[in-house]
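Next comes run-v5.csv, a file with CSV, C-alpha atoms.
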```csv
chain,number,residue,atom,x,y,z
A,1,MET,CA,-42.1,1.2,-85.3
A,2,SER,CA,-42.7,0.5,-88.9
A,3,HIS,CA,-40.1,0.9,-91.6
A,4,GLY,CA,-42.3,0.0,-94.5
A,5,HIS,CA,-41.1,-3.6,-94.7
A,6,SER,CA,-43.3,-6.3,-93.3
A,7,ASN,CA,-40.8,-9.0,-94.1
A,8,PRO,CA,-37.3,-8.5,-92.5
A,9,ILE,CA,-35.7,-10.2,-95.5
A,10,ASP,CA,-36.9,-7.3,-97.8
A,11,HIS,CA,-35.0,-4.7,-95.8
A,12,PRO,CA,-32.2,-3.0,-97.9
A,13,GLU,CA,-29.4,-3.8,-95.5
A,14,VAL,CA,-30.3,-7.5,-95.6
A,15,GLN,CA,-30.4,-7.4,-99.4
A,16,MET,CA,-26.8,-6.1,-99.5
A,17,VAL,CA,-25.4,-9.2,-97.8
A,18,SER,CA,-23.5,-11.6,-100.0
A,19,ARG,CA,-21.1,-14.4,-99.3
A,20,ARG,CA,-18.9,-13.2,-102.1
A,21,GLY,CA,-18.6,-9.7,-100.6
A,22,TYR,CA,-17.8,-11.0,-97.1
A,23,LEU,CA,-15.2,-13.4,-98.4
A,24,THR,CA,-13.6,-10.7,-100.6
A,25,GLY,CA,-13.3,-8.4,-97.6
A,26,PHE,CA,-12.0,-11.0,-95.3
A,27,ILE,CA,-9.4,-12.3,-97.8
A,28,LEU,CA,-8.3,-8.9,-98.8
A,29,ALA,CA,-7.8,-7.7,-95.2
A,30,SER,CA,-6.1,-11.0,-94.3
A,31,LEU,CA,-3.7,-10.7,-97.2
A,32,LEU,CA,-2.8,-7.1,-96.3
A,33,MET,CA,-2.2,-8.0,-92.7
A,34,ALA,CA,-0.1,-11.0,-93.8
A,35,LEU,CA,1.9,-8.7,-96.0
A,36,ALA,CA,2.6,-6.3,-93.1
A,37,THR,CA,3.6,-9.3,-90.9
A,38,PHE,CA,6.0,-10.6,-93.6
A,39,LEU,CA,7.6,-7.2,-94.0
A,40,VAL,CA,8.1,-6.9,-90.2
A,41,VAL,CA,9.4,-10.4,-89.6
A,42,ASN,CA,11.9,-10.2,-92.5
A,43,HIS,CA,13.0,-6.6,-91.9
A,44,ALA,CA,12.4,-6.1,-95.6
A,45,LEU,CA,12.6,-2.3,-95.6
A,46,PRO,CA,14.4,0.4,-93.7
A,47,ASN,CA,12.7,1.6,-90.5
A,48,PHE,CA,10.8,4.6,-91.8
A,49,ALA,CA,9.8,2.9,-95.0
A,50,LEU,CA,8.6,-0.1,-93.0
A,51,LEU,CA,6.5,2.1,-90.8
A,52,LEU,CA,4.9,3.7,-93.9
A,53,ALA,CA,4.3,0.3,-95.5
A,54,ILE,CA,2.6,-1.0,-92.3
A,55,MET,CA,0.5,2.1,-92.1
A,56,ALA,CA,-0.6,1.7,-95.8
A,57,CYS,CA,-1.4,-2.0,-95.3
A,58,ALA,CA,-3.5,-1.2,-92.2
A,59,GLY,CA,-5.3,1.7,-93.9
A,60,PHE,CA,-6.2,-0.4,-96.9
A,61,ALA,CA,-7.3,-3.2,-94.6
A,62,VAL,CA,-9.6,-0.9,-92.7
A,63,ILE,CA,-11.1,0.5,-95.9
A,64,ALA,CA,-11.7,-3.1,-97.2
A,65,GLN,CA,-13.4,-4.1,-94.0
A,66,VAL,CA,-15.6,-0.9,-93.9
A,67,TYR,CA,-16.7,-1.4,-97.5
A,68,PHE,CA,-16.9,-5.2,-97.9
A,69,LEU,CA,-17.8,-6.3,-94.3
A,70,LEU,CA,-19.7,-3.3,-92.9
A,71,HIS,CA,-21.2,-2.2,-96.3
A,72,ILE,CA,-20.6,1.5,-95.5
A,73,ASP,CA,-21.1,3.5,-98.7
A,74,ILE,CA,-23.0,6.7,-99.7
A,75,SER,CA,-26.2,5.0,-100.8
A,76,GLU,CA,-29.5,6.5,-99.5
A,77,HIS,CA,-30.6,3.6,-97.3
A,78,ASN,CA,-27.1,3.6,-95.6
A,79,ILE,CA,-26.7,7.3,-95.0
A,80,TRP,CA,-26.9,7.2,-91.2
A,81,ASN,CA,-24.2,4.6,-90.9
A,82,THR,CA,-22.0,6.7,-93.2
A,83,ALA,CA,-22.8,9.9,-91.2
A,84,ALA,CA,-21.8,8.0,-88.0
A,85,LEU,CA,-18.5,6.9,-89.6
A,86,VAL,CA,-17.7,10.4,-90.7
A,87,ALA,CA,-18.3,11.7,-87.2
A,88,PHE,CA,-16.3,8.9,-85.6
A,89,ILE,CA,-13.1,9.2,-87.7
A,90,PRO,CA,-12.0,12.7,-86.5
A,91,LEU,CA,-12.9,11.8,-82.9
A,92,PHE,CA,-10.8,8.7,-83.1
A,93,VAL,CA,-7.9,10.5,-84.6
A,94,ILE,CA,-8.1,13.2,-82.0
A,95,THR,CA,-8.3,10.6,-79.2
A,96,ILE,CA,-5.3,8.7,-80.5
A,97,GLY,CA,-3.3,11.8,-81.1
A,98,LEU,CA,-4.0,13.3,-77.7
A,99,THR,CA,-3.2,10.0,-76.0
A,100,TRP,CA,0.1,9.8,-77.8
A,101,TRP,CA,0.9,13.5,-76.8
A,102,MET,CA,-0.1,12.9,-73.2
A,103,PHE,CA,2.1,9.8,-72.8
A,104,SER,CA,5.1,11.4,-74.6
A,105,GLN,CA,4.9,14.5,-72.3
A,106,LEU,CA,4.5,12.2,-69.3
A,107,TYR,CA,7.6,10.3,-70.3
A,108,LEU,CA,9.6,13.5,-70.8
A,109,ARG,CA,8.6,14.9,-67.5
A,110,THR,CA,9.0,11.8,-65.3
A,111,MET,CA,11.9,9.7,-66.7
A,112,PRO,CA,15.2,10.4,-65.0
A,113,MET,CA,17.8,12.1,-67.2
A,114,ILE,CA,20.9,10.2,-68.0
A,115,PRO,CA,24.1,12.1,-67.4
A,116,GLY,CA,25.5,13.6,-70.6
A,117,MET,CA,22.2,13.7,-72.4
A,118,PRO,CA,21.5,16.7,-74.5
A,119,GLY,CA,19.4,19.3,-72.8
A,120,MET,CA,20.7,18.6,-69.3
A,121,ARG,CA,21.9,21.6,-67.3
```
Please, can you express the file's structure as structure tokens?
Amino acid sequence: MSHGHSNPIDHPEVQMVSRRGYLTGFILASLLMALATFLVVNHALPNFALLLAIMACAGFAVIAQVYFLLHIDISEHNIWNTAALVAFIPLFVITIGLTWWMFSQLYLRTMPMIPGMPGMR
């Protein structure tokens, strides 16, 4: 199977690799995770705002890792990796959402009701 490159070092994916890019992605993701940890440990925000801040930090960390560490972009030589990521994201969200729904319904249907709780007959 020939890809038009006799030397593996000439392959476009290998040419994208740089120490600076990896360090930038690693440091950025680490700082975002440290910020989220700091916010949680110090109870810096009210509960819902803290949840949103953690979600934002995690989202930006994932984007930094995908761009800087995995080099996923819309360039022509990287189009199949991008297509795989675009197919993966909705499936991942559906899987997590359905798992949450399943366990929440399981909890509601199997946990004993405490006397005096709303909804008891």
When you look at Met55 of chain A with a cut-off of 12 Å (counting only C-alpha atoms), what residues show up, excluding the ones that are within fewer than 3 positions of it in the same chain? I need them as a VMD selection string. chain A and resid 32 to 33 35 to 37 39 to 40 48 to 52 58 to 62
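With distances taken over all atoms listed in the file, A:Val86 is the one residue among A:Val86, A:Thr110, A:Ile94, A:Ile27 lying closest to Asp73 of chain A.
If you look at atom CA of Ser18 of chain A and atom CA of Leu70 of chain A, they are 11.6 Å away from each other.
Going from atom CA of Val93 of chain A over to atom CA of Ile54 of chain A, you cover 17.4 Å.
Distance check against Phe26 of chain A using all atoms listed in the file: of A:Cys57, A:Ile63, A:Leu91, A:Leu69, the minimum falls on A:Leu69.
Between atom CA of Gly21 of chain A and atom CA of Val66 of chain A lies a distance of 11.5 Å.
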Determine, counting only C-alpha atoms, which protein, DNA and RNA residues have an atom within 7 Å of an atom of Phe68 of chain A; residues of the same chain fewer than 5 positions away are not included. Present the result as number ranges by chain. A: 21-22, 24-25
